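What's in run12.csv: CSV, C-alpha atoms
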chain,number,residue,atom,x,y,z
A,1,MET,CA,7.5,23.0,-10.9
A,2,GLU,CA,7.2,23.4,-7.1
A,3,SER,CA,6.1,19.8,-6.8
A,4,ASN,CA,9.2,18.6,-8.8
A,5,LEU,CA,11.4,20.6,-6.4
A,6,ALA,CA,9.5,19.1,-3.4
A,7,ALA,CA,9.9,15.6,-4.8
A,8,GLY,CA,13.6,16.1,-5.2
A,9,LEU,CA,14.0,17.5,-1.7
A,10,ALA,CA,11.8,14.7,-0.2
A,11,MET,CA,13.9,12.0,-1.8
A,12,GLY,CA,17.2,13.6,-1.0
A,13,LEU,CA,16.5,14.6,2.6
A,14,GLY,CA,14.6,11.3,3.1
A,15,ALA,CA,17.6,9.3,2.0
A,16,ILE,CA,19.9,10.8,4.7
A,17,GLY,CA,18.5,8.9,7.6
A,18,PRO,CA,18.3,5.4,6.0
A,19,GLY,CA,21.8,6.0,4.6
A,20,ILE,CA,23.2,6.6,8.0
A,21,GLY,CA,21.2,3.7,9.4
A,22,LEU,CA,22.3,1.3,6.7
A,23,GLY,CA,25.9,2.3,7.2
A,24,ILE,CA,25.7,1.6,11.0
A,25,ALA,CA,24.0,-1.7,10.4
A,26,VAL,CA,26.5,-2.9,7.8
A,27,SER,CA,29.5,-1.8,9.8
A,28,LYS,CA,28.3,-3.5,12.9
A,29,ALA,CA,27.5,-6.7,11.0
A,30,MET,CA,31.0,-6.7,9.4
A,31,GLU,CA,32.5,-6.1,12.8
A,32,ALA,CA,30.7,-9.0,14.2
A,33,LEU,CA,31.7,-11.2,11.3
A,34,GLY,CA,35.3,-10.1,11.7
A,35,ARG,CA,35.2,-11.1,15.4
A,36,ASN,CA,33.5,-14.4,14.8
A,37,PRO,CA,33.4,-15.6,11.2
A,38,GLU,CA,31.5,-18.8,12.1
A,39,ALA,CA,28.5,-16.7,13.1
A,40,SER,CA,27.7,-15.7,9.6
A,41,GLY,CA,24.7,-18.0,9.4
A,42,ALA,CA,23.2,-16.6,12.6
A,43,ILE,CA,23.9,-13.0,11.6
A,44,PHE,CA,22.5,-13.3,8.1
A,45,VAL,CA,18.7,-13.3,8.8
A,46,PRO,CA,18.6,-10.5,11.4
A,47,TYR,CA,21.0,-8.5,9.3
A,48,ILE,CA,18.8,-8.7,6.2
A,49,LEU,CA,15.7,-7.9,8.2
A,50,GLY,CA,17.4,-4.9,9.8
A,51,ILE,CA,18.6,-3.6,6.5
A,52,ALA,CA,15.1,-4.0,5.0
A,53,LEU,CA,13.5,-2.1,7.9
A,54,ALA,CA,16.0,0.7,7.6
A,55,GLU,CA,15.6,0.8,3.9
A,56,ALA,CA,11.8,1.0,4.2
A,57,ILE,CA,12.1,4.6,5.4
A,58,GLY,CA,13.9,5.5,2.2
A,59,ILE,CA,11.1,3.8,0.2
A,60,TYR,CA,8.5,5.9,2.1
A,61,ALA,CA,10.4,9.0,0.9
A,62,LEU,CA,10.4,7.6,-2.7
A,63,VAL,CA,6.7,6.9,-2.5
A,64,VAL,CA,6.1,10.5,-1.3
A,65,SER,CA,8.2,12.0,-4.1
A,66,LEU,CA,6.4,9.7,-6.7
A,67,LEU,CA,3.1,10.9,-5.4
A,68,LEU,CA,4.3,14.5,-5.7
A,69,ILE,CA,5.4,14.0,-9.3
A,70,PHE,CA,2.5,11.9,-10.6
A,71,VAL,CA,-0.5,12.9,-8.4
A,72,ALA,CA,0.0,16.4,-7.0
B,1,MET,CA,11.1,23.2,-21.9
B,2,ALA,CA,13.4,21.0,-19.9
B,3,GLU,CA,10.5,19.1,-18.5
B,4,GLU,CA,9.2,18.4,-21.9
B,5,GLU,CA,12.5,17.0,-23.0
B,6,GLY,CA,12.8,14.8,-19.9
B,7,GLU,CA,9.4,13.4,-20.5
B,8,SER,CA,10.1,12.4,-24.0
B,9,LEU,CA,13.5,10.9,-23.1
B,10,ILE,CA,12.1,8.2,-20.8
B,11,HIS,CA,8.5,7.1,-20.6
B,12,VAL,CA,7.6,6.4,-16.9
B,13,ALA,CA,4.3,5.0,-16.0
B,14,ILE,CA,3.7,4.5,-12.3
B,15,GLU,CA,0.7,2.3,-12.9
B,16,ALA,CA,0.4,-0.7,-15.2
B,17,GLU,CA,-0.9,0.2,-18.6
B,18,GLU,CA,-4.0,-1.4,-20.2
B,19,LEU,CA,-3.3,-3.6,-23.2
B,20,PHE,CA,-7.0,-4.5,-23.9
B,21,GLY,CA,-10.2,-4.4,-22.0
B,22,ILE,CA,-13.0,-7.0,-21.8
B,23,GLY,CA,-16.0,-5.0,-20.8
B,24,PRO,CA,-15.2,-3.3,-17.4
B,25,LEU,CA,-12.2,-5.5,-16.8
B,26,SER,CA,-8.9,-4.3,-18.2
B,27,PHE,CA,-6.0,-6.6,-19.0
B,28,THR,CA,-2.8,-4.8,-18.1
B,29,ASN,CA,0.8,-5.5,-19.1
B,30,SER,CA,1.8,-6.4,-15.5
B,31,MET,CA,-0.8,-9.2,-15.7
B,32,VAL,CA,1.2,-10.5,-18.6
B,33,GLY,CA,4.3,-10.4,-16.4
B,34,ALA,CA,2.6,-12.2,-13.6
B,35,LEU,CA,1.2,-14.9,-16.0
B,36,LEU,CA,4.7,-15.3,-17.5
B,37,THR,CA,6.2,-15.7,-14.1
B,38,SER,CA,3.7,-18.4,-13.1
B,39,VAL,CA,4.2,-20.2,-16.4
B,40,LEU,CA,8.0,-20.1,-16.1
B,41,LEU,CA,7.8,-21.4,-12.5
B,42,GLY,CA,5.3,-24.1,-13.5
B,43,LEU,CA,7.4,-25.2,-16.4
B,44,ALA,CA,10.6,-25.3,-14.4
B,45,ALA,CA,8.9,-27.3,-11.6
B,46,TRP,CA,7.4,-29.8,-14.2
B,47,TYR,CA,10.7,-30.2,-16.1
B,48,ILE,CA,12.8,-30.6,-13.0
B,49,THR,CA,10.6,-33.0,-11.2
B,50,ARG,CA,9.9,-35.1,-14.3
B,51,ARG,CA,13.5,-36.2,-14.6
B,52,SER,CA,14.8,-35.6,-11.1
B,53,SER,CA,17.4,-38.0,-9.7
B,54,LEU,CA,18.7,-38.6,-6.2
B,55,VAL,CA,22.1,-37.4,-7.3
B,56,PRO,CA,21.3,-34.1,-8.9
B,57,GLY,CA,22.8,-33.1,-12.2
B,58,ARG,CA,24.1,-29.7,-13.0
B,59,LEU,CA,20.7,-28.2,-14.0
B,60,GLN,CA,18.8,-29.8,-11.1
B,61,SER,CA,21.2,-28.6,-8.5
B,62,ALA,CA,21.0,-25.1,-9.9
B,63,PHE,CA,17.2,-25.2,-9.4
B,64,GLU,CA,17.6,-26.8,-6.0
B,65,LEU,CA,19.9,-24.1,-4.8
B,66,PRO,CA,17.4,-21.4,-3.9
B,67,VAL,CA,15.0,-24.0,-2.5
B,68,GLU,CA,17.7,-25.4,-0.3
B,69,LEU,CA,18.8,-21.9,0.8
B,70,MET,CA,15.3,-20.9,1.8
B,71,THR,CA,14.5,-24.2,3.5
B,72,GLY,CA,17.6,-23.9,5.6
B,73,ILE,CA,16.6,-20.4,6.8
B,74,ILE,CA,12.9,-21.3,7.3
B,75,SER,CA,13.7,-24.4,9.4
B,76,GLY,CA,15.7,-22.2,11.8
B,77,SER,CA,12.8,-19.8,12.4
B,78,SER,CA,10.5,-21.8,14.7
B,79,SER,CA,9.8,-25.4,15.7
B,80,ARG,CA,6.6,-25.5,13.6
B,81,TRP,CA,8.2,-24.3,10.4
B,82,ARG,CA,6.7,-27.1,8.2
B,83,GLY,CA,3.3,-25.5,8.3
B,84,TYR,CA,4.3,-22.3,6.5
B,85,ALA,CA,7.5,-23.4,4.7
B,86,SER,CA,5.7,-23.9,1.4
B,87,LEU,CA,4.0,-20.4,1.6
B,88,ILE,CA,7.3,-18.6,2.2
B,89,LEU,CA,9.1,-20.6,-0.5
B,90,GLY,CA,6.2,-19.7,-2.9
B,91,PHE,CA,6.6,-16.0,-2.0
B,92,PHE,CA,10.3,-16.2,-2.6
B,93,LEU,CA,10.3,-18.0,-5.9
B,94,MET,CA,7.4,-15.9,-7.3
B,95,ILE,CA,8.9,-12.6,-6.4
B,96,LEU,CA,12.4,-13.6,-7.5
B,97,VAL,CA,11.2,-14.6,-11.0
B,98,ALA,CA,8.9,-11.6,-11.2
B,99,ASN,CA,11.8,-9.3,-10.4
B,100,TRP,CA,14.2,-10.9,-12.8
B,101,ILE,CA,11.7,-10.9,-15.7
B,102,GLY,CA,12.1,-7.1,-15.8
B,103,LEU,CA,15.8,-7.5,-16.6
B,104,LEU,CA,15.3,-9.6,-19.8
B,105,PRO,CA,16.0,-7.7,-23.0
B,106,GLY,CA,12.8,-6.5,-24.7
B,107,VAL,CA,10.6,-6.6,-21.7
B,108,GLY,CA,10.3,-2.9,-21.2
B,109,THR,CA,11.0,-1.9,-24.8
B,110,ILE,CA,8.8,-4.1,-27.1
B,111,GLY,CA,5.3,-2.8,-27.1
B,112,ILE,CA,2.3,-1.4,-28.9
B,113,ALA,CA,2.7,2.2,-30.1
B,114,HIS,CA,0.0,4.7,-29.2
B,115,ILE,CA,-0.5,8.3,-30.2
B,116,GLU,CA,-1.0,10.3,-27.0
B,117,ASP,CA,-1.1,14.1,-26.8
B,118,GLY,CA,0.5,14.4,-30.2
B,119,HIS,CA,3.6,12.2,-29.6
B,120,GLU,CA,4.1,8.5,-29.8
B,121,VAL,CA,4.1,6.5,-26.6
B,122,ILE,CA,5.0,2.8,-26.5
B,123,VAL,CA,3.0,0.6,-24.1
B,124,PRO,CA,5.2,-2.4,-23.2
B,125,ILE,CA,3.6,-5.8,-23.6
B,126,VAL,CA,5.3,-7.2,-20.6
B,127,ARG,CA,5.9,-5.3,-17.4
B,128,PRO,CA,7.6,-7.1,-14.4
B,129,ALA,CA,4.7,-7.9,-12.1
B,130,SER,CA,6.4,-6.6,-9.0
B,131,ALA,CA,6.6,-3.2,-10.5
B,132,ASP,CA,2.8,-3.0,-10.1
B,133,LEU,CA,1.4,-2.1,-6.7
B,134,ASN,CA,-1.6,-4.3,-7.2
B,135,PHE,CA,0.6,-7.4,-7.4
B,136,THR,CA,2.7,-6.5,-4.3
B,137,LEU,CA,-0.3,-5.5,-2.3
B,138,GLY,CA,-2.0,-8.8,-3.2
B,139,LEU,CA,1.0,-10.8,-2.0
B,140,ALA,CA,1.1,-8.6,1.2
B,141,ILE,CA,-2.6,-9.3,1.8
B,142,VAL,CA,-1.9,-13.0,1.5
B,143,ALA,CA,0.9,-12.7,4.0
B,144,PHE,CA,-1.2,-10.6,6.4
B,145,VAL,CA,-4.1,-12.9,6.3
B,146,MET,CA,-1.8,-15.9,6.9
B,147,PHE,CA,0.0,-14.5,9.9
B,148,VAL,CA,-3.2,-13.3,11.5
B,149,TYR,CA,-4.7,-16.7,10.9
B,150,TRP,CA,-1.6,-18.5,12.4
B,151,GLY,CA,-1.7,-16.1,15.4
B,152,ILE,CA,-5.4,-16.9,16.0
B,153,LYS,CA,-4.9,-20.6,15.4
B,154,ALA,CA,-2.0,-20.7,17.9
B,155,ASN,CA,-3.3,-18.3,20.6
B,156,GLY,CA,-7.1,-18.3,20.0
B,157,ALA,CA,-9.0,-15.2,19.1
B,158,GLY,CA,-8.9,-14.0,22.8
B,159,GLY,CA,-5.2,-14.5,22.9
B,160,TYR,CA,-4.7,-12.5,19.7
B,161,LEU,CA,-6.9,-9.7,21.0
B,162,LYS,CA,-4.9,-9.7,24.3
B,163,GLU,CA,-1.8,-9.4,22.3
B,164,LEU,CA,-3.2,-6.3,20.6
B,165,VAL,CA,-4.4,-4.7,23.9
B,166,GLY,CA,-0.9,-5.0,25.4
B,167,GLU,CA,0.5,-5.8,28.8
B,168,PRO,CA,-0.7,-3.3,31.4
B,169,ARG,CA,-4.4,-3.5,30.9
B,170,TYR,CA,-5.2,0.1,31.9
B,171,MET,CA,-3.1,1.3,28.9
B,172,ALA,CA,-5.5,-0.4,26.5
B,173,PRO,CA,-7.3,2.8,25.2
B,174,LEU,CA,-3.9,4.1,24.1
B,175,MET,CA,-2.1,0.9,23.1
B,176,PHE,CA,-4.9,-0.8,21.2
B,177,PRO,CA,-5.2,1.7,18.4
B,178,ILE,CA,-1.4,1.9,18.1
B,179,ASN,CA,-1.0,-1.9,17.9
B,180,LEU,CA,-3.9,-2.0,15.4
B,181,ILE,CA,-2.2,0.6,13.2
B,182,SER,CA,1.2,-1.2,13.5
B,183,GLU,CA,-0.5,-4.5,12.4
B,184,PHE,CA,-1.8,-2.7,9.3
B,185,SER,CA,1.4,-0.8,8.6
B,186,ARG,CA,3.1,-4.2,8.1
B,187,LEU,CA,0.7,-4.6,5.1
B,188,ILE,CA,1.7,-1.2,3.7
B,189,SER,CA,5.4,-1.5,4.3
B,190,LEU,CA,5.6,-5.0,2.9
B,191,SER,CA,3.9,-4.0,-0.4
B,192,MET,CA,5.4,-0.5,-0.7
B,193,ARG,CA,9.0,-1.8,-0.1
B,194,LEU,CA,8.8,-4.4,-2.9
B,195,PHE,CA,7.0,-2.1,-5.3
B,196,GLY,CA,9.2,0.9,-4.5
B,197,ASN,CA,12.4,-1.0,-5.0
B,198,VAL,CA,11.5,-2.7,-8.2
B,199,PHE,CA,9.8,0.3,-9.8
B,200,ALA,CA,12.8,2.5,-8.8
B,201,GLY,CA,15.1,-0.1,-10.4
B,202,GLU,CA,13.1,0.0,-13.6
B,203,VAL,CA,13.2,3.8,-13.7
B,204,LEU,CA,16.9,3.8,-12.9
B,205,LEU,CA,17.6,1.4,-15.7
B,206,ALA,CA,15.5,3.4,-18.2
B,207,THR,CA,17.3,6.6,-17.2
B,208,MET,CA,20.7,5.0,-17.5
B,209,ILE,CA,20.0,3.5,-20.9
B,210,ALA,CA,18.6,6.8,-22.1
B,211,LEU,CA,21.7,8.7,-20.8
B,212,ALA,CA,24.5,6.3,-21.7
B,213,PRO,CA,23.4,3.4,-23.9
B,214,ILE,CA,26.7,1.6,-24.1
B,215,LEU,CA,28.4,-0.4,-21.3
B,216,ILE,CA,27.2,1.8,-18.4
B,217,PRO,CA,23.8,0.1,-18.0
B,218,ALA,CA,25.5,-3.3,-17.6
B,219,VAL,CA,26.7,-2.2,-14.2
B,220,PHE,CA,23.2,-1.3,-13.2
B,221,LEU,CA,21.8,-4.5,-14.7
B,222,GLY,CA,24.2,-6.4,-12.4
B,223,LEU,CA,23.1,-4.4,-9.4
B,224,GLU,CA,19.4,-5.1,-10.3
B,225,VAL,CA,20.0,-8.8,-10.4
B,226,LEU,CA,21.3,-8.5,-6.8
B,227,PHE,CA,18.5,-6.2,-5.7
B,228,GLY,CA,15.9,-8.5,-7.2
B,229,PHE,CA,17.2,-11.4,-5.2
B,230,VAL,CA,17.6,-9.3,-2.0
B,231,GLN,CA,14.0,-8.0,-2.2
B,232,ALA,CA,12.6,-11.4,-2.8
B,233,LEU,CA,14.5,-12.6,0.2
B,234,VAL,CA,13.4,-9.7,2.3
B,235,PHE,CA,9.7,-10.1,1.6
B,236,ALA,CA,9.9,-13.9,2.3
B,237,LEU,CA,11.9,-13.4,5.5
B,238,LEU,CA,9.6,-10.7,6.8
B,239,ALA,CA,6.5,-12.8,6.1
B,240,MET,CA,8.3,-15.7,7.8
B,241,THR,CA,9.2,-13.7,11.0
B,242,TYR,CA,5.7,-12.3,11.2
B,243,ILE,CA,4.3,-15.8,11.2
B,244,ALA,CA,7.0,-17.1,13.5
B,245,THR,CA,6.3,-14.4,16.1
B,246,ALA,CA,2.6,-15.0,15.8
B,247,ILE,CA,3.2,-18.6,16.7
B,248,ALA,CA,6.0,-18.0,19.2
B,249,GLU,CA,4.2,-15.4,21.3
B,250,HIS,CA,1.9,-18.2,22.5
B,251,GLN,CA,4.9,-20.3,23.7
B,252,THR,CA,6.6,-17.5,25.6
B,253,ALA,CA,3.4,-16.0,27.1
B,254,GLY,CA,1.9,-19.3,28.2
B,255,HIS,CA,4.6,-21.3,29.9
B,256,ASP,CA,7.8,-19.4,30.0
B,257,ASP,CA,9.6,-21.8,32.4
B,258,ASP,CA,8.9,-25.2,31.0
B,259,GLN,CA,10.0,-24.4,27.5
B,260,GLY,CA,11.7,-27.3,25.7
B,261,GLU,CA,15.3,-27.1,24.6
B,262,ALA,CA,14.1,-27.2,21.0
B,263,ASP,CA,12.2,-24.0,21.4
B,264,ALA,CA,15.0,-22.4,23.4
B,265,ALA,CA,17.4,-23.1,20.5
B,266,HIS,CA,15.2,-21.1,18.1
B,267,ALA,CA,14.2,-18.4,20.5
B,268,ASP,CA,16.7,-15.9,19.1
B,269,HIS,CA,14.9,-15.4,15.8
B,270,PRO,CA,11.4,-14.5,17.1
B,271,THR,CA,12.8,-12.1,19.7
B,272,ALA,CA,14.9,-10.4,17.0
B,273,ALA,CA,11.8,-9.9,15.0
B,274,GLU,CA,9.8,-8.7,17.9
B,275,ALA,CA,12.1,-5.8,18.4
B,276,ALA,CA,11.3,-4.7,14.9
B,277,PRO,CA,8.2,-2.4,15.1
B,278,VAL,CA,7.0,-2.5,11.5
Here is the file; what I need is its structure written in the form of structure tokens.
Amino acid sequence: MESNLAAGLAMGLGAIGPGIGLGIAVSKAMEALGRNPEASGAIFVPYILGIALAEAIGIYALVVSLLLIFVA
Amino acid sequence: MAEEEGESLIHVAIEAEELFGIGPLSFTNSMVGALLTSVLLGLAAWYITRRSSLVPGRLQSAFELPVELMTGIISGSSSRWRGYASLILGFFLMILVANWIGLLPGVGTIGIAHIEDGHEVIVPIVRPASADLNFTLGLAIVAFVMFVYWGIKANGAGGYLKELVGEPRYMAPLMFPINLISEFSRLISLSMRLFGNVFAGEVLLATMIALAPILIPAVFLGLEVLFGFVQALVFALLAMTYIATAIAEHQTAGHDDDQGEADAAHADHPTAAEAAPV
């Protein structure tokens, strides 16, 4: 019971940071695209990498909550 | 009581389930998924190259599309991209097909029924390979070994160690363990990211199908098609930038001034990846 609550809290709180980070990354990428649409090719790879690294934090929270549910 | 109900509504298995065992070896359902992926890729490669023409037909250009996309990205990563292009392409295609196999109808639902703790549990015959940590960790280990190998090949073992020790030599006792941990954390984050995303996608789909079986899951299936593609791209691109930085550090550290124009044109990608800690 406690571990289920902890898993929910871990995922919910752990998703706040990556959510904000992803929002900032996407908004800046769109801004850059709006200013210079020809740069879409140059922006694409660093954009995907940045998104992936921000999202990894959320995945860590997911792994922690899965461990709490299935192992603890 | 509520927990009991939730457990019977959707069956979630975090590890791949054993179909049959040969002595101490167990054959799991994610192995079936991985084999299916390999067979599909092999068949596609055989079929397309058997009747390939210079002017591609509709089917051939559909199969050439992902290869062309990835080759375009890889060739921009460093001047020596030909050495690792096939590895990155292999990662991309393998993960892409492995992710999308999980979306086929019947993959998570057709299985062998077991009686476990009084109620019936279905063990699926096919499980998408990338929803198993063993598969993703295996791919990450291949990527890890390859970028350490490329780093040592480009800089020599001494150069690679110097890279780990860091720039001011007196900081070595502090920086060496940190750099070592960050090298190995790439392994963990590469494998965990792929596994977490695909597994979470499977659980999400199972939950949605259990809650609202009509029409609603279609939206999430569409999302999963996108996520499967993005995760394959992310894994391949991260492996690519790790290798590209392992090669490029030699070029920037050795002769900074007499760098050719060709390297300077590609310098933006390695530096962008260097800023990324994990």
Hey, list the chain B side of the contact with chain A: 7 Å cut-off, only C-alpha atoms, answer as JSON, numbers by chain. {"B": [189, 193, 196, 234, 238, 272]}
Let's have the selection written as an mmCIF file, keeping the file's coordinate frame, with C-alpha atoms.
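Okay, this is what ended up in out-v3.cif:
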data_model
loop_
_atom_site.group_PDB
_atom_site.id
_atom_site.type_symbol
_atom_site.label_atom_id
_atom_site.label_comp_id
_atom_site.auth_asym_id
_atom_site.auth_seq_id
_atom_site.Cartn_x
_atom_site.Cartn_y
_atom_site.Cartn_z
ATOM 1 C CA SER B 189 5.400 -1.500 4.300
ATOM 2 C CA ARG B 193 9.000 -1.800 -0.100
ATOM 3 C CA GLY B 196 9.200 0.900 -4.500
ATOM 4 C CA VAL B 234 13.400 -9.700 2.300
ATOM 5 C CA LEU B 238 9.600 -10.700 6.800
ATOM 6 C CA ALA B 272 14.900 -10.400 17.000
#
Two-atom distance - CA of Gly118 (chain B), CA of Ala16 (chain B) (Å):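 Going from CA of Gly118 (chain B) over to CA of Ala16 (chain B) covers 21.3 Å.
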Need the shell around region 127-140 of chain B: protein/DNA/RNA residues with any atom at most 8 Å away, counting all atoms listed in the file. Skip same-chain ones fewer than 5 positions apart. Format as a ChimeraX atom specification? /B:14-16,29-34,91,95,98-102,107-108,187-188,190-192,194-196,198-199,202
B:Gly111, B:Pro105, B:Pro168, B:Gly76: which is nearest Leu19 (chain B), counting only C-alpha atoms? B:Gly111
Pick the closest to Ile152 (chain B) from B:Ala246, B:Val39, B:Leu211, B:Ile88: which is it, counting all atoms listed in the file? B:Ala246
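The space separating CA of Leu68 (chain A) from CA of Ile141 (chain B) comes to 25.9 Å.
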Between B:Ala157, B:Leu205, B:Ile112, B:Leu40, which one has atoms that come closest to Glu18 (chain B), using only C-alpha atoms?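 Nearest candidate to Glu18 (chain B) out of B:Ala157, B:Leu205, B:Ile112, B:Leu40: B:Ile112.
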Using CA of Ile73 (chain B) and CA of Ala32 (chain A) as the two end points, give the distance in Å to one decimal.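 Taking CA of Ile73 (chain B) as the start and CA of Ala32 (chain A) as the end point, the length is 19.6 Å.
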Could you complete region 17-33 of chain A so that it carries N, CA and C atoms, and give it back as a PDB file, in the frame of the given file?
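So the final result, stored in out05.pdb, reads:
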ATOM      1  N   GLY A  17      18.666   9.723   6.445  1.00  0.00           N
ATOM      2  CA  GLY A  17      18.500   8.900   7.600  1.00  0.00           C
ATOM      3  C   GLY A  17      18.745   7.397   7.318  1.00  0.00           C
ATOM      4  N   PRO A  18      18.038   6.838   6.324  1.00  0.00           N
ATOM      5  CA  PRO A  18      18.300   5.400   6.000  1.00  0.00           C
ATOM      6  C   PRO A  18      19.742   5.166   5.599  1.00  0.00           C
ATOM      7  N   GLY A  19      20.372   6.160   4.946  1.00  0.00           N
ATOM      8  CA  GLY A  19      21.800   6.000   4.600  1.00  0.00           C
ATOM      9  C   GLY A  19      22.647   5.786   5.792  1.00  0.00           C
ATOM     10  N   ILE A  20      22.450   6.669   6.784  1.00  0.00           N
ATOM     11  CA  ILE A  20      23.200   6.600   8.000  1.00  0.00           C
ATOM     12  C   ILE A  20      22.920   5.223   8.717  1.00  0.00           C
ATOM     13  N   GLY A  21      21.617   4.902   8.771  1.00  0.00           N
ATOM     14  CA  GLY A  21      21.200   3.700   9.400  1.00  0.00           C
ATOM     15  C   GLY A  21      21.801   2.432   8.781  1.00  0.00           C
ATOM     16  N   LEU A  22      21.776   2.405   7.447  1.00  0.00           N
ATOM     17  CA  LEU A  22      22.300   1.300   6.700  1.00  0.00           C
ATOM     18  C   LEU A  22      23.833   1.172   6.975  1.00  0.00           C
ATOM     19  N   GLY A  23      24.496   2.328   6.995  1.00  0.00           N
ATOM     20  CA  GLY A  23      25.900   2.300   7.200  1.00  0.00           C
ATOM     21  C   GLY A  23      26.257   1.732   8.600  1.00  0.00           C
ATOM     22  N   ILE A  24      25.484   2.142   9.610  1.00  0.00           N
ATOM     23  CA  ILE A  24      25.700   1.600  11.000  1.00  0.00           C
ATOM     24  C   ILE A  24      25.474   0.103  10.986  1.00  0.00           C
ATOM     25  N   ALA A  25      24.357  -0.315  10.356  1.00  0.00           N
ATOM     26  CA  ALA A  25      24.000  -1.700  10.400  1.00  0.00           C
ATOM     27  C   ALA A  25      25.079  -2.589   9.708  1.00  0.00           C
ATOM     28  N   VAL A  26      25.511  -2.145   8.520  1.00  0.00           N
ATOM     29  CA  VAL A  26      26.500  -2.900   7.800  1.00  0.00           C
ATOM     30  C   VAL A  26      27.825  -2.952   8.544  1.00  0.00           C
ATOM     31  N   SER A  27      28.225  -1.795   9.119  1.00  0.00           N
ATOM     32  CA  SER A  27      29.500  -1.800   9.800  1.00  0.00           C
ATOM     33  C   SER A  27      29.499  -2.680  11.017  1.00  0.00           C
ATOM     34  N   LYS A  28      28.369  -2.673  11.738  1.00  0.00           N
ATOM     35  CA  LYS A  28      28.300  -3.500  12.900  1.00  0.00           C
ATOM     36  C   LYS A  28      28.292  -5.019  12.515  1.00  0.00           C
ATOM     37  N   ALA A  29      27.590  -5.321  11.411  1.00  0.00           N
ATOM     38  CA  ALA A  29      27.500  -6.700  11.000  1.00  0.00           C
ATOM     39  C   ALA A  29      28.933  -7.184  10.551  1.00  0.00           C
ATOM     40  N   MET A  30      29.655  -6.303   9.832  1.00  0.00           N
ATOM     41  CA  MET A  30      31.000  -6.700   9.400  1.00  0.00           C
ATOM     42  C   MET A  30      31.930  -6.850  10.600  1.00  0.00           C
ATOM     43  N   GLU A  31      31.735  -5.972  11.588  1.00  0.00           N
ATOM     44  CA  GLU A  31      32.500  -6.100  12.800  1.00  0.00           C
ATOM     45  C   GLU A  31      32.305  -7.405  13.492  1.00  0.00           C
ATOM     46  N   ALA A  32      31.016  -7.756  13.587  1.00  0.00           N
ATOM     47  CA  ALA A  32      30.700  -9.000  14.200  1.00  0.00           C
ATOM     48  C   ALA A  32      31.245 -10.193  13.443  1.00  0.00           C
ATOM     49  N   LEU A  33      31.192 -10.095  12.093  1.00  0.00           N
ATOM     50  CA  LEU A  33      31.700 -11.200  11.300  1.00  0.00           C
ATOM     51  C   LEU A  33      33.245 -11.271  11.445  1.00  0.00           C
TER      52      LEU A  33
END
